[in-house]
>>> print(open('structure.cif').read())   # mmCIF, C-alpha atoms
data_input
#
loop_
_atom_site.label_atom_id
_atom_site.label_comp_id
_atom_site.auth_asym_id
_atom_site.auth_seq_id
_atom_site.Cartn_x
_atom_site.Cartn_y
_atom_site.Cartn_z
CA MET A 1435 -10.78 -23.59 -18.24
CA ARG A 1436 -9.99 -22.80 -14.60
CA LYS A 1437 -10.89 -19.48 -13.00
CA VAL A 1438 -10.23 -17.87 -9.64
CA VAL A 1439 -12.89 -15.35 -8.62
CA LYS A 1440 -12.43 -12.76 -5.91
CA PHE A 1441 -15.36 -10.76 -4.54
CA GLY A 1442 -14.96 -7.43 -2.74
CA GLY A 1443 -16.72 -6.27 0.40
CA SER A 1444 -19.54 -4.45 -1.39
CA SER A 1445 -20.27 -7.67 -3.31
CA LEU A 1446 -20.74 -9.55 -0.03
CA ALA A 1447 -22.35 -6.95 2.21
CA SER A 1448 -25.75 -8.67 2.50
CA ALA A 1449 -27.66 -11.86 1.78
CA GLN A 1450 -28.94 -10.31 -1.45
CA GLN A 1451 -25.37 -9.69 -2.60
CA PHE A 1452 -24.40 -13.26 -1.66
CA GLU A 1453 -27.19 -14.50 -3.92
CA LYS A 1454 -25.78 -12.45 -6.83
CA VAL A 1455 -22.34 -13.89 -6.17
CA ALA A 1456 -23.67 -17.45 -6.14
CA GLU A 1457 -25.39 -16.88 -9.49
CA ILE A 1458 -22.13 -15.60 -10.96
CA VAL A 1459 -20.07 -18.50 -9.59
CA HIS A 1460 -22.53 -21.20 -10.69
CA ALA A 1461 -23.01 -19.61 -14.12
CA GLU A 1462 -19.65 -21.07 -15.21
CA ALA A 1463 -18.24 -24.38 -14.04
CA SER A 1464 -14.77 -22.94 -14.60
CA ARG A 1465 -15.20 -20.60 -11.58
CA ARG A 1466 -13.72 -23.14 -9.21
CA TYR A 1467 -11.94 -21.15 -6.52
CA VAL A 1468 -13.53 -18.25 -4.64
CA VAL A 1469 -11.73 -15.60 -2.57
CA PRO A 1470 -14.10 -13.48 -0.43
CA SER A 1471 -13.51 -10.20 1.36
CA ALA A 1472 -15.24 -9.25 4.62
CA PRO A 1473 -18.75 -7.77 4.36
CA GLY A 1474 -18.62 -4.14 3.27
CA LYS A 1475 -21.14 -1.34 3.58
CA ARG A 1476 -24.80 -2.18 2.95
CA PHE A 1477 -25.60 1.52 2.54
CA ARG A 1478 -23.61 4.75 2.47
CA LYS A 1479 -23.49 5.43 6.22
CA ASP A 1480 -23.01 1.80 7.16
CA THR A 1481 -19.77 0.49 8.72
CA LYS A 1482 -17.58 -2.17 7.14
CA VAL A 1483 -17.16 -5.30 9.24
CA THR A 1484 -13.36 -4.88 9.20
CA ASP A 1485 -13.73 -1.44 10.78
CA MET A 1486 -16.17 -2.87 13.34
CA LEU A 1487 -13.57 -5.49 14.24
CA TYR A 1488 -10.83 -2.87 14.61
CA GLY A 1489 -13.08 -0.85 16.93
CA CYS A 1490 -14.04 -3.89 18.94
CA TYR A 1491 -10.45 -4.98 19.40
CA ALA A 1492 -9.40 -1.47 20.45
CA LEU A 1493 -11.77 -1.80 23.41
CA ALA A 1494 -10.37 -5.25 24.20
CA GLU A 1495 -6.81 -3.89 24.19
CA GLN A 1496 -7.86 -1.31 26.78
CA ASP A 1497 -9.54 -4.05 28.85
CA GLU A 1498 -12.90 -2.40 28.37
CA ASP A 1499 -16.19 -4.20 27.80
CA PHE A 1500 -16.47 -5.10 24.10
CA SER A 1501 -19.25 -7.67 24.33
CA GLU A 1502 -21.91 -5.43 22.75
CA ASN A 1503 -19.60 -4.50 19.87
CA LEU A 1504 -18.80 -8.14 19.19
CA HIS A 1505 -22.49 -9.01 19.37
CA GLN A 1506 -23.24 -6.40 16.70
CA ILE A 1507 -20.68 -8.06 14.41
CA GLU A 1508 -22.24 -11.47 15.09
CA GLU A 1509 -25.65 -10.02 14.20
CA ARG A 1510 -24.28 -8.83 10.83
CA TYR A 1511 -23.30 -12.37 9.95
CA GLN A 1512 -26.48 -13.86 11.35
CA GLU A 1513 -28.49 -11.49 9.14
CA ILE A 1514 -26.67 -12.88 6.10
CA ILE A 1515 -27.08 -16.50 7.28
CA ASP A 1516 -30.80 -16.05 7.91
CA GLY A 1517 -31.27 -14.27 4.59
CA LEU A 1518 -29.69 -17.23 2.82
CA SER A 1519 -31.77 -19.76 4.82
CA LEU A 1520 -28.65 -21.56 6.03
CA THR A 1521 -28.58 -23.74 9.15
CA LEU A 1522 -25.00 -22.66 9.81
CA SER A 1523 -24.03 -21.45 13.31
CA LEU A 1524 -21.02 -19.25 14.01
CA ALA A 1525 -21.48 -19.31 17.79
CA ASP A 1526 -18.37 -21.41 18.42
CA GLU A 1527 -16.30 -19.20 16.14
CA PHE A 1528 -17.35 -16.07 18.00
CA ALA A 1529 -16.57 -17.73 21.33
CA VAL A 1530 -13.00 -18.32 20.10
CA ILE A 1531 -12.78 -14.74 18.83
CA GLU A 1532 -13.93 -13.38 22.18
CA LYS A 1533 -11.34 -15.50 24.00
CA ASN A 1534 -8.55 -14.35 21.71
CA PHE A 1535 -9.60 -10.71 21.97
CA ARG A 1536 -9.37 -10.95 25.74
CA ALA A 1537 -5.90 -12.48 25.33
CA HIS A 1538 -4.83 -9.51 23.18
CA VAL A 1539 -3.65 -11.68 20.29
CA GLY A 1540 -3.18 -8.70 17.97
CA LYS A 1541 -4.85 -6.31 15.53
CA ASP A 1542 -4.04 -8.46 12.52
CA TYR A 1543 -5.95 -11.38 14.00
CA ALA A 1544 -8.90 -9.09 14.75
CA ALA A 1545 -8.99 -7.61 11.25
CA SER A 1546 -8.69 -11.01 9.56
CA ARG A 1547 -11.79 -12.45 11.20
CA GLY A 1548 -14.05 -10.61 8.76
CA GLU A 1549 -12.71 -12.57 5.80
CA TYR A 1550 -12.40 -15.77 7.82
CA LEU A 1551 -16.05 -15.77 8.88
CA ASN A 1552 -17.26 -14.68 5.46
CA GLY A 1553 -15.30 -17.54 3.95
CA ILE A 1554 -17.09 -20.04 6.18
CA VAL A 1555 -20.48 -18.60 5.20
CA MET A 1556 -19.57 -18.52 1.50
CA ALA A 1557 -18.32 -22.12 1.52
CA ALA A 1558 -21.51 -23.30 3.21
CA TYR A 1559 -23.72 -21.42 0.77
CA LEU A 1560 -21.89 -22.54 -2.38
CA GLY A 1561 -21.30 -26.09 -1.17
CA TYR A 1562 -17.53 -25.65 -1.61
CA GLU A 1563 -14.68 -26.75 0.66
CA PHE A 1564 -13.34 -24.14 3.07
CA VAL A 1565 -9.57 -23.61 3.26
CA ASP A 1566 -8.32 -21.37 6.05
CA ALA A 1567 -5.82 -18.93 4.53
CA ALA A 1568 -3.68 -19.23 7.67
CA GLN A 1569 -2.86 -22.80 6.60
CA VAL A 1570 -1.78 -21.97 3.05
CA VAL A 1571 -0.59 -18.33 2.92
CA PHE A 1572 2.69 -17.59 4.69
CA PHE A 1573 4.85 -14.69 5.80
CA LYS A 1574 8.54 -14.69 6.75
CA GLU A 1575 10.03 -13.68 10.10
CA ASN A 1576 10.73 -10.18 8.76
CA GLY A 1577 7.08 -9.72 7.75
CA GLU A 1578 7.60 -10.21 4.02
CA PHE A 1579 5.20 -12.43 2.11
CA ASP A 1580 6.72 -15.89 1.54
CA ALA A 1581 5.81 -16.41 -2.11
CA VAL A 1582 7.75 -19.65 -2.62
CA LYS A 1583 6.35 -21.53 0.37
CA THR A 1584 2.85 -20.22 -0.24
CA ASN A 1585 2.81 -21.25 -3.89
CA GLU A 1586 4.03 -24.75 -3.03
CA VAL A 1587 1.68 -25.42 -0.12
CA LEU A 1588 -1.36 -23.70 -1.62
CA GLY A 1589 -0.93 -25.40 -4.98
CA GLU A 1590 -0.61 -28.82 -3.37
CA ARG A 1591 -3.63 -28.21 -1.12
CA LEU A 1592 -5.92 -27.14 -3.95
CA GLN A 1593 -4.79 -29.48 -6.72
CA ASN A 1594 -7.20 -32.24 -5.67
CA MET A 1595 -10.07 -29.90 -4.76
CA GLU A 1596 -12.67 -29.39 -7.44
CA ASN A 1597 -13.95 -26.26 -5.72
CA ALA A 1598 -12.78 -24.27 -2.71
CA VAL A 1599 -13.19 -21.01 -0.80
CA VAL A 1600 -10.01 -19.33 0.45
CA PRO A 1601 -10.64 -16.15 2.46
CA GLY A 1602 -8.61 -13.13 1.43
CA PHE A 1603 -6.47 -10.57 3.23
CA TYR A 1604 -4.51 -12.72 5.70
CA GLY A 1605 -2.04 -15.54 6.24
CA ALA A 1606 0.24 -16.80 9.02
CA ASN A 1607 3.63 -15.89 10.46
CA PRO A 1608 6.20 -18.65 11.07
CA ASP A 1609 4.94 -18.96 14.67
CA GLY A 1610 1.37 -19.49 13.48
CA SER A 1611 0.09 -16.05 14.47
CA ILE A 1612 -2.11 -14.20 11.99
CA ARG A 1613 -0.69 -11.54 9.71
CA THR A 1614 -2.64 -9.44 7.21
CA PHE A 1615 -1.76 -7.73 3.99
CA SER A 1616 -2.47 -4.00 3.87
CA ARG A 1617 -6.07 -2.87 3.36
CA GLY A 1618 -7.48 -4.19 0.12
CA GLY A 1619 -5.24 -7.25 0.45
CA SER A 1620 -7.92 -9.70 -0.65
CA ASP A 1621 -6.94 -8.64 -4.19
CA ILE A 1622 -3.50 -10.07 -3.44
CA THR A 1623 -4.89 -13.35 -2.12
CA GLY A 1624 -6.92 -13.82 -5.28
CA SER A 1625 -3.81 -13.30 -7.38
CA ILE A 1626 -1.80 -15.71 -5.22
CA VAL A 1627 -4.46 -18.41 -5.58
CA ALA A 1628 -4.63 -17.85 -9.35
CA LYS A 1629 -0.88 -18.36 -9.61
CA ALA A 1630 -0.89 -21.46 -7.40
CA VAL A 1631 -3.61 -23.28 -9.39
CA HIS A 1632 -2.30 -22.10 -12.80
CA ALA A 1633 -5.60 -20.36 -13.50
CA ASP A 1634 -6.58 -19.40 -17.02
CA VAL A 1635 -8.21 -16.18 -15.75
CA TYR A 1636 -8.34 -14.28 -12.45
CA GLU A 1637 -11.69 -12.48 -12.16
CA ASN A 1638 -11.80 -9.65 -9.62
CA TRP A 1639 -15.45 -8.79 -8.93
CA THR A 1640 -16.22 -5.42 -7.38
CA ASP A 1641 -18.86 -2.67 -7.60
CA VAL A 1642 -17.61 -0.99 -10.80
CA SER A 1643 -17.68 -2.31 -14.37
CA GLY A 1644 -13.94 -2.32 -14.87
CA ILE A 1645 -11.34 0.45 -14.80
CA LEU A 1646 -12.55 3.88 -15.83
CA MET A 1647 -10.57 6.08 -18.20
CA ALA A 1648 -10.67 8.98 -15.74
CA ASP A 1649 -11.81 9.80 -12.22
CA PRO A 1650 -15.65 9.94 -12.25
CA ARG A 1651 -15.51 12.64 -9.58
CA ILE A 1652 -13.86 14.88 -12.18
CA VAL A 1653 -15.19 13.60 -15.52
CA ASP A 1654 -18.89 12.86 -15.91
CA ASP A 1655 -19.57 9.23 -16.86
CA PRO A 1656 -16.11 8.32 -18.16
CA ASP A 1657 -15.76 5.34 -20.49
CA THR A 1658 -14.54 1.96 -19.28
CA ILE A 1659 -11.11 0.76 -20.38
CA GLU A 1660 -11.82 -2.45 -22.28
CA ARG A 1661 -8.24 -3.72 -22.48
CA ILE A 1662 -5.11 -2.55 -20.71
CA THR A 1663 -1.59 -3.90 -20.28
CA TYR A 1664 0.05 -4.45 -16.91
CA ASN A 1665 2.52 -1.65 -17.72
CA GLU A 1666 -0.30 0.80 -18.36
CA LEU A 1667 -2.08 -0.32 -15.21
CA ARG A 1668 1.08 0.28 -13.22
CA GLU A 1669 1.40 3.79 -14.65
CA LEU A 1670 -2.22 4.69 -13.87
CA SER A 1671 -2.06 3.20 -10.37
CA TYR A 1672 1.14 5.09 -9.60
CA MET A 1673 -0.50 8.30 -10.76
CA GLY A 1674 -3.33 7.88 -8.28
CA ALA A 1675 -5.98 5.85 -10.10
CA GLN A 1676 -7.73 3.63 -7.55
CA VAL A 1677 -7.77 0.34 -9.39
CA LEU A 1678 -6.33 -2.67 -7.57
CA HIS A 1679 -4.08 -3.29 -4.62
CA GLU A 1680 -0.60 -2.88 -6.13
CA GLY A 1681 0.53 -6.26 -4.82
CA ALA A 1682 -2.24 -8.02 -6.73
CA VAL A 1683 -0.56 -7.54 -10.08
CA PHE A 1684 2.77 -9.31 -9.56
CA PRO A 1685 1.74 -12.98 -9.01
CA VAL A 1686 -0.53 -13.14 -12.07
CA ARG A 1687 1.75 -11.04 -14.24
CA GLU A 1688 4.62 -13.40 -13.50
CA LYS A 1689 2.60 -16.28 -14.98
CA ASN A 1690 0.94 -14.12 -17.67
CA ILE A 1691 -2.53 -14.86 -16.26
CA PRO A 1692 -5.19 -12.46 -17.60
CA LEU A 1693 -6.90 -10.38 -14.90
CA ASN A 1694 -10.52 -9.42 -15.53
CA ILE A 1695 -12.17 -6.71 -13.41
CA ARG A 1696 -15.95 -7.21 -13.33
CA ASN A 1697 -19.04 -5.74 -11.65
CA THR A 1698 -21.10 -8.00 -9.37
CA ASN A 1699 -24.14 -5.81 -9.96
CA GLU A 1700 -23.71 -5.88 -13.77
CA PRO A 1701 -22.46 -9.42 -14.41
CA ASP A 1702 -23.06 -9.21 -18.17
CA HIS A 1703 -20.66 -6.29 -18.56
CA PRO A 1704 -17.27 -7.57 -19.82
CA GLY A 1705 -15.37 -5.14 -17.59
CA THR A 1706 -11.66 -4.55 -18.11
CA LEU A 1707 -9.21 -7.22 -19.27
CA ILE A 1708 -5.60 -6.81 -18.14
CA MET A 1709 -2.78 -8.71 -19.86
CA GLU A 1710 0.94 -8.43 -20.50
CA ARG A 1711 0.28 -7.70 -24.17
CA PHE A 1712 -2.44 -7.94 -26.80
CA ALA A 1713 -0.94 -9.54 -29.89
CA ASP A 1714 -4.06 -9.14 -32.04
CA GLU A 1715 -4.47 -5.43 -31.42
CA GLU A 1716 -4.58 -2.94 -34.27
CA ILE A 1717 -3.70 0.72 -33.95
CA SER A 1718 -6.92 2.55 -33.13
CA ASP A 1719 -7.98 6.17 -33.18
CA ARG A 1720 -8.23 6.13 -29.39
CA PHE A 1721 -4.57 5.97 -28.45
CA ILE A 1722 -4.91 7.18 -24.84
CA THR A 1723 -5.83 4.33 -22.49
CA GLY A 1724 -6.46 6.39 -19.38
CA ILE A 1725 -5.85 9.70 -17.60
CA ALA A 1726 -4.87 10.05 -13.95
CA GLY A 1727 -3.04 12.46 -11.71
CA ARG A 1728 -2.11 13.61 -8.25
CA LYS A 1729 -2.04 16.95 -6.49
CA ASN A 1730 0.39 18.72 -4.19
CA PHE A 1731 3.93 18.42 -5.48
CA SER A 1732 6.91 20.75 -5.12
CA ILE A 1733 9.46 21.41 -7.86
CA ILE A 1734 13.03 22.30 -6.96
CA THR A 1735 14.82 23.65 -10.04
CA VAL A 1736 18.62 23.94 -9.94
CA SER A 1737 20.36 26.05 -12.63
CA LYS A 1738 24.07 26.33 -13.31
CA THR A 1739 26.02 27.23 -16.45
CA GLY A 1740 27.89 24.18 -17.70
CA MET A 1741 25.99 21.75 -15.48
CA SER A 1742 25.59 19.20 -18.29
CA SER A 1743 29.36 18.79 -18.52
CA GLN A 1744 29.97 18.70 -14.77
CA MET A 1745 30.63 15.05 -13.89
CA GLY A 1746 28.48 13.60 -11.09
CA SER A 1747 26.35 16.69 -10.45
CA LEU A 1748 23.02 14.87 -10.83
CA ARG A 1749 24.19 12.04 -8.59
CA GLN A 1750 25.31 14.51 -5.90
CA MET A 1751 21.92 16.23 -5.87
CA LEU A 1752 19.96 12.98 -5.78
CA GLU A 1753 22.08 11.80 -2.86
CA VAL A 1754 20.99 14.89 -0.91
CA PHE A 1755 17.34 13.98 -1.44
CA GLU A 1756 18.08 10.37 -0.47
CA LYS A 1757 19.88 11.47 2.69
CA HIS A 1758 16.76 13.36 3.79
CA GLY A 1759 14.42 10.50 2.90
CA VAL A 1760 12.63 12.39 0.12
CA CYS A 1761 11.68 10.43 -2.99
CA VAL A 1762 12.24 12.24 -6.29
CA GLU A 1763 9.40 11.28 -8.63
CA TYR A 1764 10.49 13.06 -11.82
CA THR A 1765 13.62 14.84 -13.03
CA PRO A 1766 12.86 16.91 -16.15
CA SER A 1767 16.01 18.67 -17.28
CA GLY A 1768 17.55 21.17 -19.67
CA ILE A 1769 21.12 21.86 -20.76
CA ASP A 1770 22.01 23.92 -17.70
CA SER A 1771 19.16 23.06 -15.33
CA VAL A 1772 17.41 20.14 -13.74
CA SER A 1773 14.16 19.99 -11.79
CA PHE A 1774 13.34 17.60 -8.97
CA VAL A 1775 9.67 16.87 -8.43
CA ALA A 1776 8.70 15.53 -4.99
CA ALA A 1777 5.51 15.12 -3.00
CA ALA A 1778 5.03 18.30 -1.00
CA ASP A 1779 4.03 16.54 2.24
CA LYS A 1780 7.26 14.50 2.18
CA ALA A 1781 9.51 17.45 1.37
CA LYS A 1782 7.97 20.34 3.28
CA ASP A 1783 9.96 20.00 6.53
CA ARG A 1784 13.24 19.25 4.73
CA ILE A 1785 13.13 21.29 1.57
CA TYR A 1786 15.28 24.19 2.81
CA SER A 1787 17.87 21.83 4.26
CA ILE A 1788 17.98 20.05 0.90
CA VAL A 1789 18.37 23.34 -0.96
CA GLY A 1790 21.13 24.44 1.41
CA GLU A 1791 23.12 21.25 0.94
CA ILE A 1792 22.77 21.39 -2.85
CA ARG A 1793 23.97 25.00 -2.79
CA ASP A 1794 27.00 24.06 -0.67
CA ALA A 1795 27.86 21.08 -2.87
CA LEU A 1796 27.44 22.60 -6.34
CA SER A 1797 27.37 26.40 -5.97
CA PRO A 1798 24.55 26.71 -8.54
CA ASP A 1799 23.64 30.01 -10.19
CA ASN A 1800 20.05 29.75 -8.99
CA ILE A 1801 17.69 27.45 -7.10
CA GLN A 1802 13.95 27.99 -7.44
CA ILE A 1803 11.20 26.31 -5.39
CA THR A 1804 7.71 26.06 -6.87
CA GLY A 1805 4.87 24.66 -4.77
CA GLY A 1806 1.23 23.83 -5.36
CA ILE A 1807 1.85 21.67 -8.43
CA SER A 1808 -0.28 18.78 -9.75
CA VAL A 1809 0.96 16.11 -12.14
CA VAL A 1810 -1.39 14.63 -14.73
CA ALA A 1811 -0.50 11.67 -16.94
CA ALA A 1812 -1.99 10.60 -20.24
CA VAL A 1813 -1.19 6.88 -20.47
CA GLY A 1814 -1.42 4.75 -23.59
CA ARG A 1815 0.58 1.95 -25.19
CA GLN A 1816 -0.35 3.23 -28.66
CA MET A 1817 0.95 6.78 -28.21
CA ALA A 1818 4.32 5.73 -29.59
CA PHE A 1819 2.68 5.05 -32.95
CA LYS A 1820 0.96 8.45 -33.17
CA PRO A 1821 3.16 11.36 -34.34
CA GLY A 1822 2.32 14.71 -32.84
CA THR A 1823 0.71 13.41 -29.64
CA SER A 1824 2.64 15.79 -27.39
CA GLY A 1825 1.79 18.73 -29.63
CA ARG A 1826 -1.92 17.91 -29.53
CA ILE A 1827 -1.85 17.69 -25.73
CA PHE A 1828 -0.05 21.02 -25.34
CA ALA A 1829 -2.33 22.70 -27.86
CA ALA A 1830 -5.47 21.46 -26.08
CA LEU A 1831 -4.23 22.67 -22.70
CA GLY A 1832 -3.07 25.99 -24.14
CA LYS A 1833 -6.44 26.59 -25.78
CA ALA A 1834 -8.08 26.00 -22.39
CA GLY A 1835 -5.77 28.56 -20.77
CA ILE A 1836 -3.94 25.98 -18.64
CA ASN A 1837 -0.30 26.86 -18.00
CA ILE A 1838 2.08 23.89 -18.19
CA ARG A 1839 4.74 24.11 -15.47
CA MET A 1840 6.53 20.83 -16.22
CA ILE A 1841 6.74 18.21 -18.99
CA SER A 1842 8.04 14.66 -18.73
CA GLN A 1843 7.84 11.63 -21.00
CA GLY A 1844 9.22 8.14 -20.40
CA PRO A 1845 11.61 6.59 -22.94
CA ASP A 1846 9.07 3.85 -23.69
CA GLU A 1847 6.58 6.58 -24.73
CA LEU A 1848 3.93 4.94 -22.57
CA ASN A 1849 2.92 8.21 -20.96
CA ILE A 1850 3.15 11.96 -21.20
CA ILE A 1851 3.16 13.79 -17.87
CA VAL A 1852 2.44 17.47 -17.41
CA GLY A 1853 2.72 19.57 -14.30
CA VAL A 1854 0.09 22.25 -13.75
CA ASN A 1855 -1.00 24.47 -10.89
CA ASN A 1856 -3.21 22.74 -8.32
CA ASP A 1857 -6.07 25.06 -9.27
CA ASP A 1858 -5.92 23.71 -12.83
CA PHE A 1859 -5.83 20.01 -11.90
CA GLU A 1860 -9.48 19.08 -12.51
CA SER A 1861 -9.65 21.26 -15.64
CA CYS A 1862 -6.53 19.60 -17.02
CA VAL A 1863 -8.00 16.11 -16.57
CA ARG A 1864 -11.27 17.16 -18.21
CA VAL A 1865 -9.56 18.86 -21.15
CA LEU A 1866 -7.40 15.81 -21.87
CA TYR A 1867 -10.38 13.46 -21.61
CA ASN A 1868 -12.64 15.58 -23.79
CA SER A 1869 -9.88 16.15 -26.35
CA PHE A 1870 -8.68 12.58 -26.76
CA VAL A 1871 -11.43 10.26 -25.59
CA LYS A 1872 -14.78 11.74 -26.53
#
>>> encode(input="structure.cif", output="structure tokens")
Amino acid sequence: MRKVVKFGGSSLASAQQFEKVAEIVHAEASRRYVVPSAPGKRFRKDTKVTDMLYGCYALAEQDEDFSENLHQIEERYQEIIDGLSLTLSLADEFAVIEKNFRAHVGKDYAASRGEYLNGIVMAAYLGYEFVDAAQVVFFKENGEFDAVKTNEVLGERLQNMENAVVPGFYGANPDGSIRTFSRGGSDITGSIVAKAVHADVYENWTDVSGILMADPRIVDDPDTIERITYNELRELSYMGAQVLHEGAVFPVREKNIPLNIRNTNEPDHPGTLIMERFADEEISDRFITGIAGRKNFSIITVSKTGMSSQMGSLRQMLEVFEKHGVCVEYTPSGIDSVSFVAAADKAKDRIYSIVGEIRDALSPDNIQITGGISVVAAVGRQMAFKPGTSGRIFAALGKAGINIRMISQGPDELNIIVGVNNDDFESCVRVLYNSFVK
């Protein structure tokens, strides 16, 4: 058994958290490769080290004195080192960072130093080898991640290492300069390492015990999703559920490596297991895996008698949206009408131009614009096996007095999406959870 374990910023915010991480890593010999994030918040009003680095570098870019800001970052690490009773010194590393800041080497370099330094501390504490991500994770000239080169070099580098620490979040451009993934990119690094070493499991340790079935800010104490497929995860993430960095899914999914989301503060909790499919699964009474949604959409509904038999009409309308750079997220339709659902913030400055061009191109009978819409999705791989699911959802919402403004369901029957007024968003999520989960 070979595992890659990634730990988020909250899991590494202090010496006490480092001690928890070490216990987790040493509890199983299979946890051979560790991917750390930068130290996160120690308490609610604290500042993440990555944000401290951004602020420090902003001063450097303006040629202002940043020495005190950099010293505060050094103190954060020294507090962890002292708390772990390590003899490690990062003085030389901070001298290099100061020199590079003065040379204006770039924001990506500045942001990456949080993971880099934390990786050095983690390797020293665990007794593992340290591998600088800049030597094994690569980007192309155009800024795209170079998956082929990375997999080859990283796999070769780690194949003879029994244990190693590879800091997350960053890699190198072809010229050797540092480039980062987007925020939360340590999730991606963990997935990349798991693919390169042909891991049996990729464990992503954070501060929650897996993926929740609904937003805890809306639903009190929602249940944890025990098992979920990558397709379901993709649906929930797209609908706004804050789960993983989107890019973290693809490397492990490609190799069918299970991804396990765990809680550093509750290491005995099994968390959520994510796989391509679960062959041993029986049809259960709980056929909804999770509920998620997003607010603030606009619906443009175009009506015209005989539209369904008018060749190319849908293509013409979609081309108008494309021309204006507005992504159409859903297209529920009827015989003589079709609706285009788009994020309001993307469409607001262009919506009347879009409507005008559609009117000129198709001469529709009517075009209606509806704003202030939320979309809520009930996601579940087992819904296809349950007759009457849609009816139960509509009945539950109707009983609660929630007016459905839009309905959409994918052909794979993995989700059912309803559009409701923004004012009904939270109520809609609660009704669906209470009706189908509790």
>>> resolve_selection(input="structure.cif", expression="the PyMOL selection byres ((chain A and resi 1490) around 9)", output="ChimeraX atom specification")
/A:1485-1489,1491-1495,1500-1504,1535,1544
>>> write_last_selection(input="structure.cif", atoms="C-alpha atoms", output="tab-separated table (two decimals), in the coordinates of the input")
chain	number	residue	atom	x	y	z
A	1485	ASP	CA	-13.73	-1.44	10.78
A	1486	MET	CA	-16.17	-2.87	13.34
A	1487	LEU	CA	-13.57	-5.49	14.24
A	1488	TYR	CA	-10.83	-2.87	14.61
A	1489	GLY	CA	-13.08	-0.85	16.93
A	1491	TYR	CA	-10.45	-4.98	19.40
A	1492	ALA	CA	-9.40	-1.47	20.45
A	1493	LEU	CA	-11.77	-1.80	23.41
A	1494	ALA	CA	-10.37	-5.25	24.20
A	1495	GLU	CA	-6.81	-3.89	24.19
A	1500	PHE	CA	-16.47	-5.10	24.10
A	1501	SER	CA	-19.25	-7.67	24.33
A	1502	GLU	CA	-21.91	-5.43	22.75
A	1503	ASN	CA	-19.60	-4.50	19.87
A	1504	LEU	CA	-18.80	-8.14	19.19
A	1535	PHE	CA	-9.60	-10.71	21.97
A	1544	ALA	CA	-8.90	-9.09	14.75
>>> resolve_selection(input="structure.cif", expression="the PyMOL selection byres ((chain A and resi 1821-1833) around 8)", output="list in words")
Met1817, Ala1818, Phe1819, Lys1820, Ala1834, Gly1835, Ile1836, Asn1837, Ile1838, Ile1850, Cys1862, Val1865, Leu1866 and Ser1869 of chain A
>>> residues_around(input="structure.cif", residues="region 1750-1754 of chain A", least_positions_apart="6", cutoff="9 Å", atoms="only C-alpha atoms", output="VMD selection string")
chain A and resid 1760 1762 1774 1788 to 1789 1791 to 1792 1795 to 1796
>>> closest_residue(input="structure.cif", among="A:His1679, A:Lys1482, A:Arg1749, A:Lys1780", to="Asp1621 (chain A)", atoms="all atoms listed in the file")
A:His1679
>>> closest_atom_pairs(input="structure.cif", of="region 1513-1630 of chain A", to="region 1635-1646 of chain A", cutoff="10 Å", atoms="only C-alpha atoms", output="tab-separated table")
residue	atom	partner	partner_atom	distance
A:Ser1620	CA	A:Asn1638	CA	9.8
A:Asp1621	CA	A:Asn1638	CA	7.4
A:Gly1624	CA	A:Tyr1636	CA	7.3
A:Ser1625	CA	A:Tyr1636	CA	6.9
A:Ile1626	CA	A:Tyr1636	CA	9.9
A:Val1627	CA	A:Tyr1636	CA	8.9
A:Ala1628	CA	A:Tyr1636	CA	6.0
A:Lys1629	CA	A:Tyr1636	CA	9.0
>>> atom_distance(input="structure.cif", atom1="CA of Ile1695 (chain A)", atom2="CA of Val1438 (chain A)")
11.9 Å
>>> closest_residue(input="structure.cif", among="A:Met1647, A:Ala1449, A:Ile1769, A:Ala1633", to="Ser1737 (chain A)", atoms="only C-alpha atoms")
A:Ile1769
>>> atom_distance(input="structure.cif", atom1="CA of Glu1669 (chain A)", atom2="CA of Gly1605 (chain A)")
28.7 Å
>>> residues_around(input="structure.cif", residues="Lys1782 (chain A)", least_positions_apart="2", cutoff="10 Å", atoms="all atoms listed in the file", output="MDAnalysis selection string")
chainID A and resid 1731:1732 1760 1776:1780 1784:1786 1805
>>> closest_residue(input="structure.cif", among="A:Thr1723, A:Gln1496, A:Thr1706, A:Asn1597", to="Asn1665 (chain A)", atoms="only C-alpha atoms")
A:Thr1723
